[in-house]
Each structure stands twice: as C-alpha cells, then as structure tokens.
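Notes follow once the structure below has been shown.
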Amino acid sequence: MAKTLLTLRVNGERQTVAAEPHHTLLEVLREDLGLTGTKHGCELGECGACTVLVDGVPVLSCLTLPSEIGDAEVTTVEGLAKGPELHPLQTAFAEEAAAQCGYCTPGMLLSAKSLLDRTTAPTREEMAEAIAGNLCRCTGYTAIYEAIDKAAERMRETERMGGTQPAAVRS
Amino acid sequence: MSEFSVVGKRLPKVNVWGHLTGTARYADDIQLPRMLYGRLLRSPHAHARIKRIDASRALAHDGVVAVCTGADMPERMGIMPSTQDEYALAVDKVRYIGDPVAAVAAVDEDTAYDALSLIDVEYEPLEPILTIEEALTREDVRIHEDSGRPANVFKDVHLEFGDVEGGFQTAHKVYDNWYFFEGTTHAPMETHSAVASYDGDGKLTLWTSTQVPHYLHRELEKVLGIPRSRIRVIATPNGGGFGGKSDPFSHEFAACLLSMRTKRPVKFTLDREEVFYAHRGRHPVLMHLRTGVSADGDITAVHFQSYLDGGAYASYGIATTYYTGALMTVTYKLPAYKFDGVRVYTNKPACGPKRGHGTTQPRFAFECQLDQIAEDLGLDPIAYRERILQPANSRTVNGLRITSMGLGQCLEEVKRSTRFPEKHGQLPRGKGIGVAGSAYISGAGLPIYWNEMPHSGASVKVDRGGGVTVYCGTSEIGQGSDNVLAVVAAEQLGVLTEDVHVVSGDTSLAPVDLGSYSSRVTFMAGNAVRQAAGRLRTLVVEAAAAKLGVPADRIALAQRRVYDLADPAKGMTFAEAAVLAESKNGTLVSVGSYKPPKDISGDYKGSGVGPTAAYSYQAAVAEVSVDLETGIVTVERITEAHDCGRALNPPAVEGQIEGAAYMGYGEAIAEEQVFRGGLHKKPSLLEYKLPTSMDTPEMKAIIVETIDPEGPFGAKEAGEGPLNPVIPAIANAVYDAIGVRFDETPITPAKVLDALQKNRSRVGPEGLSSQRDPKAAMRRLHATTDAREKKKVMS
Ligand code: FES
Ligand code: FES
C-alpha cells in the first residue's frame, strides 16, 4: 500500500510523516515518529500498554487510526516531562517503586495523568477505575496507587503554593 | 543510625528513569538500518508428522527475502543439556498446536505475515495425547519415539529418606489426599522479541528479551554452528519475565539464521497469542499427599507423589520434577520422607519454570493439608505451624542445609498484623481467613550444565571522576537486578547509586552470570559484585590512609567521601581517593565471583535440585468473602511477611512481595492455561483472566530480616518465594468461609456454586484413573472439531 502524508500534533509539536494509511496510531508513533516509549502488549485493545492521551483523554493507540484524531493533541510518555522538569507522577513512580519492568508504565502514567488532571484528590476507587484498563503483571498495583497518591499530594501542594512545583528528588 | 549509607535506604532504582520517560530500550524498540521483519509459521496440529515443506511460493512473493525451515537447523537443542529434545524449527514432527515449523523474513511485518500462508506444509495427523493419564498409559502413541522411557513418560524420580514405613506405623493418624494444581502462564506484558544482526566481520549480535543470555549463547553456538566467540547476546530489559523467557526460543534462532543468510538485521516480535503457545509456564500437577501425624500433631512421615503434565518438550522439566519434591522438607520438621515424581509429555505447549518453579504446586497441597490437620487437632493453624517449624542452622531429612530461617517470625508478623486468632473460625458464614507458610531458594545450588566455574562473575571499574561501572551477565527483567548490583557496589565504595553505571546481560562485555532464574541474582551476583567492589575498596582505603597518615582500619567510605573515622572532617572526596589509588596501583578494575558452597546437599542421585546457599521464608494470610448466591470469591486482603535476609532496597522487596501475591492471587482464583483438543481455550489477555486493578486485593507487605550469614550484606531472595503461600492461604480462607476444601485450583465461581448446591465438603481430584478409555482423547478432538464445523455451517 502506498504511504500517505499525515499530520499529527504530538507532545506540543506538529509532525508530518509518510505512513501506511492502515497503520494504527501506535504504529505511526513507534515506527514513523520514533516515539518508542509507547508500548504494546496485545494490539487488540486488551492490555492498555499502548495508552496515550488524545486531548487529555486516555485512548488505546493500537485501536486508533491517526485519521480519526485529526488535529487533536496527542500526549505520549515522552511528552510528560516539561523540559528538564519531570511530571510529579514520574518522580512519585520512581520513589514508590511503581515501575518494575516498566513495560506497562508509559500507559499507566498517562491514565494516571488524565485522572489527576480531573482531580488532585482521587480516592483509591477512582484510582483503581482510572487504571482498570492498564494491566500490570509486576506490581500488584499497590505501589502504583501509592505513587498516584504521592503525586496528587504534591500537585495539591503546588496548587496551594500558586503553581511552582516542588523540586524533583532526582539529583 | 544504620551502619549503611545505601543498603536498606528507600532509594529509587538506578534504571527507573528510562522506564518513566520512555527511553528504556526494549528489544522491539530497536530499529536498525535495512532491518527485515520475521514471522513464524506454526503448526495447526497438536501431533503430526511433517511429510513435506515447500516454501517456494513464499520465496517468490514480493518483499520476501528469505525463508528457513527445520531442515536448516537440524541440531537438537533445549535448555537442559541432558534432555535436549527440541529443534529451533520442527524437524519431522510437530508436537503441539503452535509448534514453529518455518520462518520468513520480509521487508515489513505485513508481508512476512502474508507470506506464511504461501508456505505449503503437508502433515500426517497423529493422535494427540492430552492428559496425564493418557500419557502414562498409551504405549501405542509416542510423542517422542526415542525418549527411552515407557509410553510418554519424560522422567520419573524416586527418593526416600528416613524410616518412612516406621513413621507411618507410629502415626496416630494418616492424612491421605489428592490435589490438582492447574497450569498457568506468565503473561509478561512485553511479548518476546529479538533482533539479530550478522555483520560484515562475521560476527553475530542478538538483542533479545531473555532471562538467560549465557545459556542462550551456548545454544546458539550449537544450533547455528558458529563459534561462541563470534556471537554476542545482549539481554535487553525484559518487560517482565517470571520464568517465561528462560528457554532458548525458535524466533531467536530464526532471527539469527535469517540474518546470517540475508546479511541484514532481522527482527521477530511475537504477538500475544503466540506467547500463550510459547508458554513454558506452570505445570499442571496432580498430587497425592500422605502425611502421618502423632497425637499432638508432630509429623511422623510424608509420602508425596506428583504427576506433572509437561507438554510437548523437556524445557526445565527434570528440575521441575525434582522441585515438586525437594522443598517439602525445609519448612516443618519431617523425620521421614518419600517422594515419587513423574513428568509426562503431552501434545500441548511445553511447561517450564514459572515463579516458584515446581514448588508452588506441592506447597499448595501441603499447606492445605496442614490446615486440615490443625483443625482436627483443635489448634489455631498458625500456632500449629509454629509448633512444628524446622529449626534454623539445621539439616533436613533429605540433606538440605538450612541456615537463616525466618518462617517463625513471618508467621508472628502476619498473625499480629491481621489479628488472625481472633478471626479464624469465628467469622460469619461467607467470610473467612486462612494462612500458609512457604520457602524458596536463593539461587539453584548447581548450574544447568556441569562445571566447576563460578555461577556469577562481575567486574567493577572506578574511573578518575569517581564514577563506578559494574559489569555482570545478569538479565534485568524488572525484578530490579541492576539496582541490586548498584546498591552493593555503592555501599562497598561509599558512593551513591546514581554514581554507578550497570552493564548487564551482555555476553561480550560482562563476565558470565548464569541468568535471572531461580531467584539467584541478589544472592549470587550480589556476592560477586560485593567481592569485586571490596577489592577496589581496599585499594582506595590504603591510598587514602597513606595520604591522611592514619591506619587503614580508621578509614570510612560514605556519601562520596573517604575520611578518618576518628576525625570525620579529615578526608577527601571519593574521586580524589580513587586518583591516589590509581596512581599507586594502576587501573582500578577488579573482579569478583561467587559459587555456592559444596556442603549444602546430601549425596545421592537427584540431590542437585533443592540445595541453595540460603532459603527465603514467607507466610501469608488471606481474608476472603464468598458470595453464596454467585459463588464469587472476593479476596479482600492479603497480608504477607517475607524473610529476605536483609532488604537491600525495601521498596523493591515490598514490590516483589506485592507482585508475587498478586500473581498467586490470579492463579488461585481465575487463571488457567487450558486446552480443547490441543487448542488453547483462552489465548488472549481478555479471556485468560489476569487480575486487573479492580480485582486485585488490598495487599500488605511486611519485611522480615534474618541477616543471612552468607548473603551480600545478609540478603536473600525476594522474587519468587512470596508467591507460594498465597494460593493455599486463599484456599484455606475459602474453607474458613464456607466449609468447602478446595483441593484444586483455580477456585472459580462455578466450582464454588456447584459445591454449595450439592452440599459438598470438598472439591478436588479423586486420584489417578488408570481405567480411562484410551481413545477418549481422539473422540473428544473429533467432537470439538465437528462442533466447530457445525457452528460455522449454521452461522
Ligand atoms: S497494545 Fe494492548 S491495548 Fe493496545
Ligand atoms: S511494571 Fe511490569 S508490567 Fe507493570
């Protein structure tokens, strides 16, 4: 099949690539844009490893065609940090050992981000629901909840202090 | 204050940042110039002879660059050198649905996929053997004609220790039960993937998601027929392993051969369904357990028989078979013990090692039976276990050496945390609480091929800026092995973990480590790195002592400083001390290695499986509620204490406990690797019920530290043992809730409901039926095929 030109907004940048028209957003991100941070565990919509945000909403990129999303903003794990500044979720995931093999992690982070964008005081139930579509075989989810909790707390702190993030632990 | 500056601190893992930013490079993330994409053609038959393979139509297809078949790699292979019964691609016969028969390399994945249907294979279907009973009795159908054992027996082992007859005779009561543990699979989130690149200089590099780069290295040499010196295996970060990436796999050989043929890099990434067929997971095991007990509950003798459904190939099967018997003795006092194990071949994907390797199933049986014994004695099940504990620093009846032993503390911890005695037997109907204990090895006492060399080697280099690099052949599978090595090196040298660079899993750059299996890395590679870094520490200390004019035993290293203990202000940076040491001694590189001690087992045939330098111990309590209307078992909470010797990194240890508890929970409640006529019933993540966040119980992990005398800084394993007690703890909790003994897994709503409706007190196997109709398998197969055909016609 002939490749066609495609324009996407990914992590704040407009990108034009030539891609097979039947390829999924997952394939275009990984193979054509080199954004291999987005993972795949099934390519059937069953594991959540391929989760990205489209206009802030978690979407399974293995079930999405780029043509479906038009001009919407795609956020992948590579777009989570703002410059050198890690997202509070990234720092908290590190501190709480919420990433073991790390394979579910990109999808998990994005599902969690979408939750924290809605509320910075989520309950355990809300967290469980937010990541219900993201399978993790390593952690048993416990450390992930603790990390989301911690990130939420830091984000609340930031809100209280009027927007500056507390320094990341990474030295 | 702790005597350590890094060990025991709640620090982020050194390699975690790649996972969190999307820069960690897994095998499928690798993209090389001119790379081709490979796919495997797999058998649609459970058992068949290959009469002819013709790949000419596929080769002629646009975009196909090369094809290979079994005839191209006729060398036998397999992880255990003594039982090699596999080929890289099937030769002459296929033995399970999904058995790889040919491989294609093409310009892209779609083309490779399309080309598979153009490979013509002519099969002569044979009757499949699908159950343990058939495998044991069908002399007329042989899955491996040359196995040298009757019918489809792969291996049978028989061991006896102490006065078993006498033990049963003096027993006040003999418990005699059958159990069945269903097969399960690992389902790591990352599917297997490998990239091979054969370069102009005649050297081959294979990046692959493997737990055992060293063993794979050996098999590649054997099968590809090129010297190991020209092959480099690089274990990429595994997106989970759990034992499922511990065998050499077809796609790894095919990638290499096709790259050698085409002189282009070739990538294979299995799809999810293929991973269910590649399998090598938990064996289904039928078990017969007889235990004699005295009037006050002391065990007088145990006779344990296991029948393992091994699937089509050997894999680690010899070890698995022995493991079903070996560790029964290390938890509670057993004066006499008899073990008979049989593993059979069946026409299903090969089973192998899954977290807990071979010890999970017998542990389920034993701990369920102990629950019954305690009940008959009128004892609290924790109190009963505490009474019969195997002591620390002892020998078991089968000759295993026990050193540190924290099962008592683990039981105490879970008891306190859950207030077990106040709840057990006293909760309303439908609510229950159960307990179980268990143990695991910190690395197998022997390697899989006989040799006198170290099990783990490491080298450590200190650079002139105070940076430290650790080289070790371990494979990072998510368990945190890179971090363990960094922690050990950093503690020895008084630097921070972020100063340590870890080069692991590369057969060319790093000394041999046998791999990430049998929970061996912390103990063995940890000790190797400890020794290597310790040697450099000595040089740094001597150089600093000379400079400061104080005796060497007054020098301390911590927080990137080397200083006088008596006057901490007097000192220098680690980098300065390293420069002094290098000026004095030359380049700062050292080596270390580790081999388990000799005297850790008895001396008999079969004594090689079971010994380890240190056993880990664990106890779990499960709290459940059973819905009497729907039969759904909800596990509310799992509380687990684990004796890891010393926690080098507590969050990582807690993560292993929680992850193992989660995995055990899935096996207890829902997961099953089951087949219909050799066809997997649920080869997808949707159908194979992995617990999601919504299902997973609340978990509490408790670390127990016994400071093992031989572990690195006292550490033992944490990766596998914690899975073992969870499953019997849940079964025992279900009994406490509804009075039904589940002597088989998984405990599904259908089984619970059925037991409640029929007023059964037990769900489990009745034994081995040798009178099974031998033709049943074939009839079942035809029936299901017919049904499928009919369905197709109707729809
Ligand atoms: S890859 Fe599994 S849901 Fe998309
Ligand atoms: S960290 Fe391995 S799958 Fe979640």
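Naming scheme: A, B, ... for chains in displayed order of the structure tokens; residues 1 onward per chain; ligands 1 onward as shown.
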Neighbours of ligand 2 within 10 Å, counting only C-alpha atoms and all ligand atoms, as a PyMOL selection string? (chain A and resi 41+47+49+97-108+134-141+143-144) or (chain B and resi 19+187-190+238-241+477-479+655+659)
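Identified as lying at most 9 Å from ligand 1 when counting only C-alpha atoms and all ligand atoms are the residues A:Leu26, A:Lys39, A:His40, A:Gly41, A:Cys42, A:Glu43, A:Leu44, A:Gly45, A:Glu46, A:Cys47, A:Gly48, A:Ala49, A:Cys50, A:Thr51, A:Val59, A:Leu60, A:Ser61, A:Cys62, A:Leu63, A:Gly133, A:Asn134, A:Leu135, B:Met189, B:Arg272, B:Leu685.
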Please dump the current selection as an mmCIF file, in the first residue's frame; keep N, CA, C and O atoms.
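Contents of part.cif, freshly written:
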data_model
loop_
_atom_site.group_PDB
_atom_site.id
_atom_site.type_symbol
_atom_site.label_atom_id
_atom_site.label_comp_id
_atom_site.auth_asym_id
_atom_site.auth_seq_id
_atom_site.Cartn_x
_atom_site.Cartn_y
_atom_site.Cartn_z
ATOM 1 N N LEU A 26 -0.573 3.678 17.158
ATOM 2 C CA LEU A 26 0.546 3.020 17.829
ATOM 3 C C LEU A 26 1.711 2.832 16.867
ATOM 4 O O LEU A 26 2.857 3.167 17.164
ATOM 5 N N LYS A 39 4.152 1.551 24.388
ATOM 6 C CA LYS A 39 4.378 0.105 24.287
ATOM 7 C C LYS A 39 3.154 -0.621 23.738
ATOM 8 O O LYS A 39 2.085 -0.031 23.592
ATOM 9 N N HIS A 40 3.337 -1.901 23.477
ATOM 10 C CA HIS A 40 2.199 -2.719 23.062
ATOM 11 C C HIS A 40 2.308 -4.094 23.695
ATOM 12 O O HIS A 40 3.390 -4.665 23.766
ATOM 13 N N GLY A 41 1.193 -4.614 24.173
ATOM 14 C CA GLY A 41 1.200 -5.945 24.764
ATOM 15 C C GLY A 41 0.217 -6.876 24.105
ATOM 16 O O GLY A 41 0.134 -8.045 24.442
ATOM 17 N N CYS A 42 -0.582 -6.360 23.160
ATOM 18 C CA CYS A 42 -1.576 -7.234 22.539
ATOM 19 C C CYS A 42 -2.018 -6.725 21.162
ATOM 20 O O CYS A 42 -2.348 -7.485 20.297
ATOM 21 N N GLU A 43 -2.040 -5.435 20.987
ATOM 22 C CA GLU A 43 -2.561 -4.792 19.774
ATOM 23 C C GLU A 43 -4.000 -5.202 19.476
ATOM 24 O O GLU A 43 -4.433 -5.273 18.336
ATOM 25 N N LEU A 44 -4.717 -5.501 20.542
ATOM 26 C CA LEU A 44 -6.128 -5.889 20.419
ATOM 27 C C LEU A 44 -7.003 -5.108 21.392
ATOM 28 O O LEU A 44 -8.157 -5.458 21.603
ATOM 29 N N GLY A 45 -6.431 -4.126 22.034
ATOM 30 C CA GLY A 45 -7.233 -3.341 22.971
ATOM 31 C C GLY A 45 -7.458 -4.011 24.308
ATOM 32 O O GLY A 45 -8.425 -3.712 24.998
ATOM 33 N N GLU A 46 -6.578 -4.929 24.704
ATOM 34 C CA GLU A 46 -6.828 -5.696 25.916
ATOM 35 C C GLU A 46 -5.856 -5.437 27.057
ATOM 36 O O GLU A 46 -6.030 -5.986 28.143
ATOM 37 N N CYS A 47 -4.805 -4.651 26.828
ATOM 38 C CA CYS A 47 -3.801 -4.540 27.893
ATOM 39 C C CYS A 47 -3.522 -3.122 28.365
ATOM 40 O O CYS A 47 -3.028 -2.921 29.475
ATOM 41 N N GLY A 48 -3.766 -2.142 27.539
ATOM 42 C CA GLY A 48 -3.555 -0.764 27.959
ATOM 43 C C GLY A 48 -2.133 -0.257 27.856
ATOM 44 O O GLY A 48 -1.863 0.912 28.145
ATOM 45 N N ALA A 49 -1.203 -1.117 27.446
ATOM 46 C CA ALA A 49 0.201 -0.691 27.370
ATOM 47 C C ALA A 49 0.391 0.438 26.357
ATOM 48 O O ALA A 49 1.333 1.212 26.448
ATOM 49 N N CYS A 50 -0.527 0.514 25.393
ATOM 50 C CA CYS A 50 -0.375 1.476 24.302
ATOM 51 C C CYS A 50 -1.120 2.782 24.570
ATOM 52 O O CYS A 50 -1.263 3.606 23.674
ATOM 53 N N THR A 51 -1.593 2.959 25.803
ATOM 54 C CA THR A 51 -2.393 4.149 26.131
ATOM 55 C C THR A 51 -1.635 5.448 25.873
ATOM 56 O O THR A 51 -0.494 5.613 26.305
ATOM 57 N N VAL A 59 -6.554 6.970 25.427
ATOM 58 C CA VAL A 59 -7.009 6.291 24.223
ATOM 59 C C VAL A 59 -6.060 5.127 23.972
ATOM 60 O O VAL A 59 -4.857 5.238 24.212
ATOM 61 N N LEU A 60 -6.593 4.010 23.501
ATOM 62 C CA LEU A 60 -5.730 2.882 23.152
ATOM 63 C C LEU A 60 -5.210 3.122 21.735
ATOM 64 O O LEU A 60 -5.969 3.049 20.768
ATOM 65 N N SER A 61 -3.924 3.399 21.634
ATOM 66 C CA SER A 61 -3.402 3.775 20.318
ATOM 67 C C SER A 61 -3.392 2.596 19.353
ATOM 68 O O SER A 61 -3.353 2.780 18.150
ATOM 69 N N CYS A 62 -3.475 1.367 19.878
ATOM 70 C CA CYS A 62 -3.488 0.214 18.971
ATOM 71 C C CYS A 62 -4.836 0.061 18.283
ATOM 72 O O CYS A 62 -4.961 -0.704 17.338
ATOM 73 N N LEU A 63 -5.851 0.745 18.788
ATOM 74 C CA LEU A 63 -7.179 0.653 18.175
ATOM 75 C C LEU A 63 -7.578 1.963 17.496
ATOM 76 O O LEU A 63 -8.734 2.148 17.142
ATOM 77 N N GLY A 133 -7.970 -0.378 32.890
ATOM 78 C CA GLY A 133 -7.649 -0.888 31.559
ATOM 79 C C GLY A 133 -6.160 -1.064 31.327
ATOM 80 O O GLY A 133 -5.743 -1.432 30.236
ATOM 81 N N ASN A 134 -5.359 -0.784 32.323
ATOM 82 C CA ASN A 134 -3.910 -0.919 32.185
ATOM 83 C C ASN A 134 -3.441 -2.116 33.004
ATOM 84 O O ASN A 134 -3.322 -2.037 34.222
ATOM 85 N N LEU A 135 -3.169 -3.220 32.321
ATOM 86 C CA LEU A 135 -2.703 -4.393 33.049
ATOM 87 C C LEU A 135 -1.254 -4.196 33.467
ATOM 88 O O LEU A 135 -0.446 -3.685 32.700
ATOM 89 N N MET B 189 3.941 -8.510 30.297
ATOM 90 C CA MET B 189 3.313 -7.515 29.428
ATOM 91 C C MET B 189 4.064 -7.356 28.106
ATOM 92 O O MET B 189 3.468 -7.080 27.082
ATOM 93 N N ARG B 272 0.610 -11.623 20.941
ATOM 94 C CA ARG B 272 0.154 -12.108 22.243
ATOM 95 C C ARG B 272 -0.276 -13.574 22.201
ATOM 96 O O ARG B 272 0.004 -14.355 23.090
ATOM 97 N N LEU B 685 -5.431 -11.832 26.351
ATOM 98 C CA LEU B 685 -5.442 -11.210 27.684
ATOM 99 C C LEU B 685 -6.860 -10.972 28.184
ATOM 100 O O LEU B 685 -7.090 -10.804 29.376
#
Could you pull out all residues of range 3-157 of chain A with a DSSP call of strand (DSSP E or B) and give them as a list in words?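 The strand (DSSP E or B) residues within range 3-157 of chain A come out as Thr4, Leu5, Leu6, Thr7, Leu8, Arg9, Val10, Glu13, Arg14, Gln15, Thr16, Val17, Ala18, Ala19, Thr51, Val52, Leu53, Val54, Val57, Pro58, Val59, Leu60, Glu73, Val74, Thr75, Lys82 and Glu85 of chain A.
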Excluding range 89-94 of chain A and any residue of its chain fewer than 4 positions from it, enumerate the residues within 6 Å of it, using only C-alpha atoms, and give them as a list of chain:residue names.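 In the requested form, the answer reads A:Ala98, A:Ala147, A:Ala151, B:Pro12, B:Leu20.
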Within chain A, find each residue whose DSSP state, derived from the backbone, is helix (DSSP H, G or I), and express the selection as a ChimeraX atom specification. /A:25-32,61-63,66-69,77-79,88-95,105-118,124-130,142-160
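Between CA of Leu118 in chain B and CA of Ser209 in chain B the separation is 28.9 Å.
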Proximity to chain A - best of B:Tyr384, B:Tyr175, B:Tyr87, B:Phe242, only C-alpha atoms: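 Distance minimum relative to chain A lands on B:Phe242.
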For Thr324 in chain B: contacts at 8 Å, only C-alpha atoms, fewer than 4 positions along chain excluded, given as a PDB file with N, CA and C atoms, in the first residue's frame:
ATOM      1  N   SER B 306       3.926 -36.833  42.753  1.00  0.00           N
ATOM      2  CA  SER B 306       3.477 -35.787  41.840  1.00  0.00           C
ATOM      3  C   SER B 306       3.477 -36.307  40.403  1.00  0.00           C
ATOM      4  N   THR B 320      12.111 -29.265  37.303  1.00  0.00           N
ATOM      5  CA  THR B 320      10.753 -29.057  37.809  1.00  0.00           C
ATOM      6  C   THR B 320      10.278 -30.291  38.563  1.00  0.00           C
ATOM      7  N   MET B 328       9.785 -29.667  50.129  1.00  0.00           N
ATOM      8  CA  MET B 328       8.760 -30.016  51.117  1.00  0.00           C
ATOM      9  C   MET B 328       9.362 -30.091  52.517  1.00  0.00           C
ATOM     10  N   GLY B 341       8.109 -38.715  41.764  1.00  0.00           N
ATOM     11  CA  GLY B 341       7.665 -37.713  40.792  1.00  0.00           C
ATOM     12  C   GLY B 341       7.714 -38.268  39.385  1.00  0.00           C
ATOM     13  N   GLY B 358       7.991 -25.269  40.258  1.00  0.00           N
ATOM     14  CA  GLY B 358       7.819 -26.644  40.744  1.00  0.00           C
ATOM     15  C   GLY B 358       7.527 -26.752  42.231  1.00  0.00           C
ATOM     16  N   THR B 359       7.729 -25.671  42.977  1.00  0.00           N
ATOM     17  CA  THR B 359       7.487 -25.747  44.419  1.00  0.00           C
ATOM     18  C   THR B 359       6.112 -25.200  44.794  1.00  0.00           C
ATOM     19  N   THR B 360       5.513 -24.464  43.871  1.00  0.00           N
ATOM     20  CA  THR B 360       4.232 -23.816  44.146  1.00  0.00           C
ATOM     21  C   THR B 360       3.111 -24.849  44.321  1.00  0.00           C
ATOM     22  N   GLN B 361       3.119 -25.842  43.432  1.00  0.00           N
ATOM     23  CA  GLN B 361       2.035 -26.827  43.449  1.00  0.00           C
ATOM     24  C   GLN B 361       2.074 -27.690  44.712  1.00  0.00           C
ATOM     25  N   PRO B 362       3.235 -28.308  45.054  1.00  0.00           N
ATOM     26  CA  PRO B 362       3.260 -29.116  46.286  1.00  0.00           C
ATOM     27  C   PRO B 362       3.025 -28.269  47.534  1.00  0.00           C
TER      28      PRO B 362
END
Pick from A:Gly12, A:Pro21, A:Gly79, A:Gly70: nearest to chain B, with only C-alpha atoms counted?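 Using only C-alpha atoms, chain B sits closest to A:Gly79.
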